[in-house]
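What's in protein00.csv: CSV, C-alpha atoms and all ligand atoms
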chain,number,residue,atom,x,y,z
U,20,MET,CA,0.0,0.0,0.0
U,21,SER,CA,1.5,3.3,-1.0
U,22,ARG,CA,1.5,6.2,1.5
U,23,TYR,CA,1.0,9.6,0.1
U,24,GLU,CA,2.4,12.5,2.1
U,25,PRO,CA,0.2,15.6,2.0
U,26,VAL,CA,1.4,19.0,1.2
U,27,PRO,CA,2.0,21.0,4.3
U,28,ASP,CA,-0.3,23.9,5.1
U,29,GLY,CA,0.1,26.7,2.6
U,30,ALA,CA,2.2,24.8,0.1
U,31,ASP,CA,1.2,24.4,-3.6
U,32,SER,CA,-0.1,20.9,-4.3
U,33,SER,CA,-0.5,21.3,-8.1
U,34,ASP,CA,2.6,19.3,-9.1
U,35,GLN,CA,2.1,16.4,-6.7
U,36,THR,CA,1.9,12.9,-8.1
U,37,THR,CA,-0.7,10.9,-6.3
U,38,SER,CA,-1.9,7.3,-5.6
U,39,GLY,CA,-5.3,7.9,-7.1
U,40,ILE,CA,-5.7,10.9,-4.9
U,41,ASP,CA,-7.0,14.0,-6.6
U,42,VAL,CA,-5.4,16.9,-4.8
U,43,ASN,CA,-6.9,19.5,-7.1
U,44,HIS,CA,-10.4,19.0,-6.0
U,45,PRO,CA,-11.7,19.1,-2.4
U,46,HIS,CA,-12.7,15.9,-0.7
U,47,ALA,CA,-15.0,15.6,2.3
U,48,ALA,CA,-12.6,13.4,4.3
U,49,ARG,CA,-9.8,15.9,4.0
U,50,MET,CA,-12.0,18.9,4.7
U,51,TYR,CA,-13.2,17.1,7.8
U,52,ASP,CA,-9.6,16.5,8.8
U,53,TYR,CA,-8.9,20.3,8.3
U,54,TYR,CA,-11.8,21.2,10.6
U,55,LEU,CA,-10.5,18.7,13.2
U,56,GLY,CA,-7.0,20.3,13.1
U,57,GLY,CA,-5.4,17.3,11.3
U,58,LYS,CA,-2.6,17.5,8.8
U,59,ASP,CA,-4.0,15.5,5.8
U,60,HIS,CA,-5.5,18.2,3.6
U,61,PHE,CA,-4.5,20.1,0.5
U,62,GLU,CA,-5.0,23.6,-0.9
U,63,ALA,CA,-8.3,22.7,-2.6
U,64,ASP,CA,-9.6,21.3,0.6
U,65,ARG,CA,-8.6,24.3,2.7
U,66,VAL,CA,-10.0,26.8,0.2
U,67,THR,CA,-13.4,25.1,0.2
U,68,ALA,CA,-13.4,24.6,4.0
U,69,GLU,CA,-12.6,28.2,4.5
U,70,LYS,CA,-15.5,29.2,2.3
U,71,ALA,CA,-17.8,26.9,4.3
U,72,LEU,CA,-16.5,28.5,7.5
U,73,GLN,CA,-17.4,31.9,6.1
U,74,SER,CA,-21.0,30.8,5.9
U,75,TRP,CA,-21.1,28.7,9.0
U,76,SER,CA,-18.5,29.8,11.4
U,77,ALA,CA,-19.3,27.1,14.0
U,78,VAL,CA,-18.5,24.2,11.6
U,79,ARG,CA,-15.7,23.1,13.9
U,80,THR,CA,-18.0,22.9,16.9
U,81,GLY,CA,-20.4,20.7,14.9
U,82,VAL,CA,-17.6,18.5,13.7
U,83,ARG,CA,-16.0,18.0,17.2
U,84,GLU,CA,-19.4,17.3,18.7
U,85,ASN,CA,-20.2,14.8,16.0
U,86,ARG,CA,-16.9,13.0,16.6
U,87,ALA,CA,-17.6,12.9,20.4
U,88,PHE,CA,-21.1,11.5,19.6
U,89,LEU,CA,-19.5,8.7,17.5
U,90,GLY,CA,-17.2,7.8,20.5
U,91,ARG,CA,-20.1,7.7,23.0
U,92,ALA,CA,-22.3,5.7,20.6
U,93,VAL,CA,-19.6,3.1,20.0
U,94,ARG,CA,-18.9,2.9,23.7
U,95,TYR,CA,-22.6,2.4,24.5
U,96,LEU,CA,-22.8,-0.4,21.9
U,97,ALA,CA,-19.6,-2.2,23.1
U,98,GLU,CA,-20.2,-1.7,26.9
U,99,GLU,CA,-23.9,-1.8,27.3
U,100,ALA,CA,-25.4,-3.4,24.2
U,101,GLY,CA,-22.8,-6.2,23.9
U,102,ILE,CA,-22.0,-5.5,20.3
U,103,ARG,CA,-18.7,-6.9,19.0
U,104,GLN,CA,-18.9,-6.2,15.3
U,105,PHE,CA,-18.9,-2.8,13.5
U,106,LEU,CA,-19.4,-1.8,9.9
U,107,ASP,CA,-18.3,1.8,9.7
U,108,ILE,CA,-19.1,3.4,6.4
U,109,GLY,CA,-17.7,6.9,5.8
U,110,THR,CA,-14.8,6.3,8.2
U,111,GLY,CA,-12.9,9.5,7.6
U,112,LEU,CA,-9.2,9.9,8.2
U,113,PRO,CA,-7.7,8.4,11.4
U,114,SER,CA,-8.4,10.8,14.3
U,115,ALA,CA,-8.8,10.6,18.0
U,116,ASN,CA,-11.1,7.8,19.2
U,117,ASN,CA,-11.3,5.8,16.1
U,118,VAL,CA,-14.1,3.2,16.2
U,119,HIS,CA,-11.8,0.2,16.7
U,120,GLU,CA,-10.0,1.9,19.6
U,121,VAL,CA,-13.1,2.8,21.4
U,122,ALA,CA,-14.8,-0.6,20.8
U,123,GLN,CA,-11.7,-2.7,21.6
U,124,LYS,CA,-11.0,-0.7,24.7
U,125,ALA,CA,-14.3,-1.9,26.0
U,126,ALA,CA,-14.2,-5.3,24.4
U,127,PRO,CA,-10.8,-6.4,22.9
U,128,ASP,CA,-12.4,-9.0,20.7
U,129,SER,CA,-14.4,-6.4,18.7
U,130,ARG,CA,-14.2,-6.6,14.9
U,131,VAL,CA,-14.4,-3.6,12.7
U,132,VAL,CA,-14.7,-3.1,8.9
U,133,TYR,CA,-14.0,0.4,7.8
U,134,VAL,CA,-15.4,1.6,4.5
U,135,ASP,CA,-14.6,4.9,2.7
U,136,ASN,CA,-14.6,6.0,-1.0
U,137,ASP,CA,-11.7,8.5,-0.6
U,138,PRO,CA,-8.4,7.0,-1.6
U,139,ILE,CA,-6.6,9.2,0.9
U,140,VAL,CA,-8.3,7.3,3.7
U,141,LEU,CA,-7.0,4.0,2.2
U,142,SER,CA,-3.5,5.5,2.2
U,143,HIS,CA,-3.8,6.0,5.9
U,144,ALA,CA,-5.5,2.7,6.5
U,145,LYS,CA,-2.4,1.3,8.3
U,146,ALA,CA,-3.2,3.6,11.2
U,147,LEU,CA,-6.7,2.2,11.2
U,148,LEU,CA,-5.6,-1.4,11.0
U,149,THR,CA,-3.9,-1.6,14.3
U,150,GLY,CA,-5.8,-3.1,17.2
U,151,THR,CA,-5.9,-5.8,19.8
U,152,PRO,CA,-4.7,-9.3,18.9
U,153,GLU,CA,-8.1,-10.7,20.0
U,154,GLY,CA,-10.0,-8.3,17.6
U,155,ARG,CA,-9.8,-7.6,13.9
U,156,THR,CA,-9.8,-4.4,11.9
U,157,ALA,CA,-10.1,-4.2,8.1
U,158,PHE,CA,-10.5,-1.5,5.5
U,159,ILE,CA,-12.4,-1.5,2.2
U,160,GLU,CA,-12.3,1.3,-0.4
U,161,ALA,CA,-15.9,1.3,-1.6
U,162,ASP,CA,-18.8,3.6,-2.2
U,163,LEU,CA,-21.8,3.8,0.1
U,164,ARG,CA,-24.0,4.3,-3.0
U,165,GLU,CA,-23.1,0.7,-3.9
U,166,PRO,CA,-24.2,-1.1,-0.7
U,167,GLU,CA,-24.3,-4.6,-2.3
U,168,LYS,CA,-20.6,-4.3,-3.1
U,169,ILE,CA,-19.9,-3.5,0.5
U,170,LEU,CA,-22.0,-6.4,1.8
U,171,THR,CA,-20.6,-9.0,-0.6
U,172,HIS,CA,-17.0,-7.8,-0.4
U,173,PRO,CA,-14.8,-10.8,0.6
U,174,THR,CA,-13.3,-8.7,3.5
U,175,THR,CA,-16.8,-7.9,4.9
U,176,LYS,CA,-17.7,-11.5,4.7
U,177,ASP,CA,-14.4,-12.7,6.3
U,178,VAL,CA,-14.4,-10.3,9.2
U,179,LEU,CA,-18.1,-9.9,10.0
U,180,ASP,CA,-20.6,-12.6,10.8
U,181,PHE,CA,-24.0,-11.6,9.6
U,182,ASP,CA,-25.7,-14.3,11.7
U,183,GLN,CA,-24.7,-12.3,14.8
U,184,PRO,CA,-25.8,-8.8,15.7
U,185,LEU,CA,-23.6,-6.0,14.5
U,186,ALA,CA,-23.6,-2.3,14.4
U,187,LEU,CA,-23.9,-0.3,11.1
U,188,LEU,CA,-22.3,3.1,11.5
U,189,LEU,CA,-23.4,5.9,9.0
U,190,VAL,CA,-22.0,8.8,10.9
U,191,ALA,CA,-21.8,12.2,9.2
U,192,VAL,CA,-21.9,10.5,5.8
U,193,LEU,CA,-25.5,10.5,4.6
U,194,HIS,CA,-25.4,14.3,4.0
U,195,PHE,CA,-23.0,13.5,1.1
U,196,ILE,CA,-25.7,11.4,-0.6
U,197,PRO,CA,-28.2,13.7,-2.1
U,198,ASP,CA,-31.8,12.6,-2.9
U,199,ARG,CA,-30.9,12.0,-6.5
U,200,ASP,CA,-28.7,9.1,-5.4
U,201,ASP,CA,-31.6,7.4,-3.6
U,202,PRO,CA,-30.1,7.3,-0.1
U,203,ARG,CA,-33.3,5.5,1.1
U,204,THR,CA,-32.6,2.4,-1.0
U,205,VAL,CA,-29.0,2.5,0.1
U,206,VAL,CA,-29.9,2.6,3.8
U,207,ARG,CA,-32.7,0.0,3.3
U,208,THR,CA,-30.3,-2.4,1.5
U,209,LEU,CA,-27.8,-2.2,4.4
U,210,VAL,CA,-30.4,-2.4,7.2
U,211,ASP,CA,-32.2,-5.4,5.5
U,212,ALA,CA,-28.9,-7.3,5.6
U,213,LEU,CA,-28.5,-6.9,9.4
U,214,PRO,CA,-29.7,-9.7,11.7
U,215,SER,CA,-32.2,-9.0,14.4
U,216,GLY,CA,-30.6,-7.4,17.5
U,217,SER,CA,-28.3,-5.3,15.4
U,218,TYR,CA,-27.9,-1.5,15.8
U,219,VAL,CA,-27.7,1.5,13.5
U,220,VAL,CA,-25.8,4.6,14.5
U,221,SER,CA,-26.2,7.7,12.4
U,222,SER,CA,-25.7,11.5,12.5
U,223,HIS,CA,-26.6,14.1,9.9
U,224,VAL,CA,-26.2,17.9,9.4
U,225,THR,CA,-29.5,19.8,9.7
U,226,PRO,CA,-30.5,23.2,8.4
U,227,GLU,CA,-33.2,23.6,11.0
U,228,HIS,CA,-31.4,25.7,13.6
U,229,ASP,CA,-29.3,28.0,11.3
U,230,PRO,CA,-30.7,27.7,7.8
U,231,GLU,CA,-28.7,30.5,6.3
U,232,ALA,CA,-25.4,29.3,7.6
U,233,VAL,CA,-26.0,25.6,6.7
U,234,HIS,CA,-27.4,26.3,3.3
U,235,GLY,CA,-24.3,28.5,2.7
U,236,LEU,CA,-22.1,25.5,3.7
U,237,GLU,CA,-24.0,23.2,1.3
U,238,GLU,CA,-23.5,25.7,-1.5
U,239,SER,CA,-19.7,25.9,-0.8
U,240,TYR,CA,-19.5,22.1,-1.0
U,241,CYS,CA,-21.7,21.7,-4.1
U,242,THR,CA,-20.0,24.5,-6.0
U,243,ALA,CA,-16.7,22.8,-5.4
U,244,GLY,CA,-18.1,19.5,-6.7
U,245,VAL,CA,-18.7,17.8,-3.3
U,246,PRO,CA,-22.4,16.9,-3.3
U,247,ALA,CA,-24.0,17.8,0.1
U,248,GLN,CA,-27.5,17.9,1.4
U,249,ALA,CA,-28.5,18.8,4.9
U,250,ARG,CA,-31.8,17.3,6.1
U,251,PRO,CA,-34.3,18.3,8.7
U,252,MET,CA,-34.8,15.9,11.6
U,253,GLU,CA,-38.0,14.4,10.2
U,254,ASP,CA,-36.3,13.5,6.9
U,255,PHE,CA,-33.3,12.1,8.7
U,256,VAL,CA,-35.4,10.0,11.0
U,257,GLN,CA,-37.4,8.6,8.1
U,258,LEU,CA,-34.3,8.0,6.0
U,259,VAL,CA,-32.4,6.0,8.6
U,260,PHE,CA,-34.5,4.9,11.6
U,261,ASP,CA,-37.8,4.1,10.0
U,262,GLY,CA,-39.0,0.7,11.4
U,263,LEU,CA,-36.2,0.6,14.0
U,264,GLU,CA,-36.5,1.0,17.8
U,265,LEU,CA,-34.7,4.2,18.8
U,266,ILE,CA,-32.6,3.9,21.9
U,267,ASP,CA,-33.1,6.5,24.6
U,268,PRO,CA,-33.0,9.5,24.3
U,269,GLY,CA,-33.9,9.1,20.6
U,270,VAL,CA,-32.7,11.5,17.9
U,271,GLU,CA,-31.1,14.5,19.5
U,272,ILE,CA,-28.6,17.2,18.6
U,273,VAL,CA,-25.4,15.1,18.9
U,274,SER,CA,-24.0,16.9,21.9
U,275,ASP,CA,-27.2,16.1,23.8
U,276,TRP,CA,-27.1,12.4,23.0
U,277,ARG,CA,-26.1,10.8,26.3
U,278,PRO,CA,-23.6,13.5,27.3
U,279,GLU,CA,-20.9,12.2,29.6
U,280,SER,CA,-20.4,15.4,31.6
U,281,SER,CA,-22.8,17.8,33.2
U,282,GLY,CA,-20.8,20.8,32.0
U,283,PRO,CA,-22.2,23.4,29.5
U,284,ARG,CA,-22.8,22.2,26.0
U,285,PRO,CA,-22.8,24.2,22.7
U,286,SER,CA,-26.1,25.3,21.4
U,287,ALA,CA,-28.2,23.5,18.7
U,288,VAL,CA,-27.4,26.5,16.4
U,289,GLU,CA,-23.7,25.9,16.7
U,290,VAL,CA,-23.8,22.1,16.5
U,291,SER,CA,-26.5,21.7,13.8
U,292,ASN,CA,-26.0,17.9,13.6
U,293,TYR,CA,-28.6,15.3,14.7
U,294,GLY,CA,-27.7,11.8,15.9
U,295,GLY,CA,-29.3,8.7,17.1
U,296,VAL,CA,-28.9,5.0,17.8
U,297,ALA,CA,-31.6,2.4,17.0
U,298,ARG,CA,-32.0,-1.3,17.3
U,299,LYS,CA,-33.4,-3.7,14.8
U,300,ARG,CA,-36.0,-5.9,16.3
C,1,LIG,C1,-17.5,14.0,7.6
C,1,LIG,S1,-16.5,12.6,7.4
C,1,LIG,C2,-17.1,11.6,8.7
C,1,LIG,C3,-16.1,10.7,9.4
C,1,LIG,C4,-16.5,9.8,10.5
C,1,LIG,N1,-17.7,9.0,10.2
C,1,LIG,C5,-16.9,10.7,11.7
C,1,LIG,O1,-18.1,10.9,11.9
C,1,LIG,O2,-16.1,11.2,12.4
C,1,LIG,C6,-17.4,11.8,6.0
C,1,LIG,C7,-16.6,10.6,5.4
C,1,LIG,O3,-17.5,10.0,4.5
C,1,LIG,C8,-16.8,9.7,3.3
C,1,LIG,N2,-17.7,9.6,2.2
C,1,LIG,C9,-18.4,10.5,1.6
C,1,LIG,N3,-19.2,10.0,0.6
C,1,LIG,C10,-19.0,8.7,0.6
C,1,LIG,C11,-19.5,7.6,-0.2
C,1,LIG,N4,-20.4,7.9,-1.1
C,1,LIG,N5,-19.1,6.4,0.1
C,1,LIG,C12,-18.2,6.2,1.1
C,1,LIG,N6,-17.6,7.1,1.9
C,1,LIG,C13,-18.0,8.4,1.6
C,1,LIG,C14,-15.8,10.8,3.1
C,1,LIG,O4,-14.7,10.4,2.3
C,1,LIG,C15,-15.4,11.0,4.6
C,1,LIG,O5,-14.3,10.3,5.0

Would you mind giving the structure from this file in structure tokens?
Amino acid sequence: MSRYEPVPDGADSSDQTTSGIDVNHPHAARMYDYYLGGKDHFEADRVTAEKALQSWSAVRTGVRENRAFLGRAVRYLAEEAGIRQFLDIGTGLPSANNVHEVAQKAAPDSRVVYVDNDPIVLSHAKALLTGTPEGRTAFIEADLREPEKILTHPTTKDVLDFDQPLALLLVAVLHFIPDRDDPRTVVRTLVDALPSGSYVVSSHVTPEHDPEAVHGLEESYCTAGVPAQARPMEDFVQLVFDGLELIDPGVEIVSDWRPESSGPRPSAVEVSNYGGVARKR
């Protein structure tokens, strides 16, 4: 596997050779990394991210709170729900509290399959493929819009046992699947493949609390060729959780989903991301 070193902040990336990585157009994974203060982004990512920040100055708060929600949800599943298998689609670049780290800390025999369609995530997969000797972690480069390919991929079949409950993670990824790509069929195909007792974790950007800012963000992404569609709570719930049993407290602004400290939390306007966890009966 080749490793591609990103251009440092401020450098010109136009003459870089890549391993299938298009540095001249922004990518969601690298923009997310930029918001999170990581180092794996290029000029095109930074320019579009800065435009998005001009519209919605609190993006970083939303991103950080989303990442913390992901950690709490995985901890809940591993510690309280007894889940040992995770299919994480739209993994993102390695960051703090990657899914396998959180899950295997609670249950070392946890197995995780990571899926992302951005080759730069693949180039960093080594960092995701560490883990406990008892557990397993694997990575597939695949597109969420082709769920059958993910489900029938030899790695998925090798690492995950679809006769036992597992968790499907669609965290901060469905807003990159606009309605024209039929996200409902995508989600249904994945959920239908889960055995009873499985869980679905998802979060999604919403325009409800700060429409102007979030629509400005959508526009910055779409203009730069990154399809993005924020959805109100009702559409998000129907898209992902229809027919599933929502775990308490239901769908909430991500920072309000089972917070672990009683300290002050950012407002819904700043966070503008809903999240929830549901169980398949
Ligand atoms: C905002 S990041 C979320 C990362 C992580 N799930 C989290 O919540 O911290 C979205 C990720 O989804 C990936 N992604 C976007 N569209 C995708 C698609 N159609 N198929 C697979 N991955 C996709 C991006 O490459 C990026 O890594």

Between atom CA of Pro230 of chain U and atom CA of Pro285 of chain U, what is the distance in Å, rounded to a tenth?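 Interatomic distance, atom CA of Pro230 of chain U to atom CA of Pro285 of chain U: 17.2 Å.
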
Test item: residues at most 8 Å from Ala63 of chain U, only C-alpha atoms, excluding those fewer than 6 positions along its chain, as a ChimeraX atom specification:
/U:42-45

- prompt: Restricting the calculation to all atoms listed in the file, which member of U:Glu271, U:Asp52, U:Glu69, U:Glu153 is positioned closest to Asp128 of chain U?
  reply: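 Answer, going by the shortest atom-to-atom distance: U:Glu153.
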
| Can I get the residues close to ligand LIG 1 (chain C) as a PyMOL selection string, where close means within 8 Å and we count all atoms listed in the file? | chain U and resi 46-51+82+85-86+89+107-112+114+134-137+140+160-164+188-193+195-196+222

Would you kindly return, as an MDAnalysis selection string, each protein, DNA or RNA residue with an atom no farther than 8 Å from any atom of Glu227 of chain U, considering only C-alpha atoms and excluding same-chain residues fewer than 3 positions away? chainID U and resid 230 251:252 291

Point-to-point distance in Å for atom CA of Ala186 of chain U and atom CA of Phe105 of chain U =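 Here the two named atoms are 4.8 Å from each other.
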
Residues near Tyr54 of chain U, anyone? I mean within 10 Å using all atoms listed in the file, not counting same-chain ones fewer than 6 positions away, as a ChimeraX atom specification. /U:60,65,68-69,72,78-83

One decimal place gives the atom CA of Asp180 of chain U-atom CA of Ser217 of chain U separation as 11.6 Å

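Distances to Val220 of chain U were evaluated for U:Glu62, U:Thr151, U:Ser281, U:Val273 using only C-alpha atoms, and the minimum falls at U:Val273.
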
Among U:Ile272, U:Leu179, U:Val66, U:Ala125, Ala87 of chain U is approached most closely, using all atoms listed in the file, by U:Ile272

Env of Arg199 of chain U: 12 Å cut, atoms = all atoms listed in the file, seq-sep filter 5 positions within chain, self excluded. Answer as a list in words. Arg164, Thr204, Val205, Pro246, Ala247 and Gln248 of chain U

task: Pick out the closest residue to Trp75 of chain U from this set: U:Leu265, U:Ala92, U:Val224, U:Val132. Count all atoms listed in the file.
output: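 Closest to Trp75 of chain U of all the choices is U:Val224.
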
* Nearby residues (all atoms listed in the file) at most 8 Å from Gly150 of chain U, same-chain spacing under 2 positions excluded, as a PyMOL selection string -> chain U and resi 119-120+123+148+152+154-156

Of U:Gly235, U:Gly90, U:Pro184, U:Gly57, the one nearest to Pro278 of chain U when counting only C-alpha atoms is U:Gly90

### Message
Around (-38.3, -0.9, 18.9), as given in the file, which residues come within 9 Å? Count all atoms listed in the file and list them as a list in words.
### Response
Gly262, Leu263, Glu264, Leu265, Ile266, Ala297, Arg298, Lys299 and Arg300 of chain U
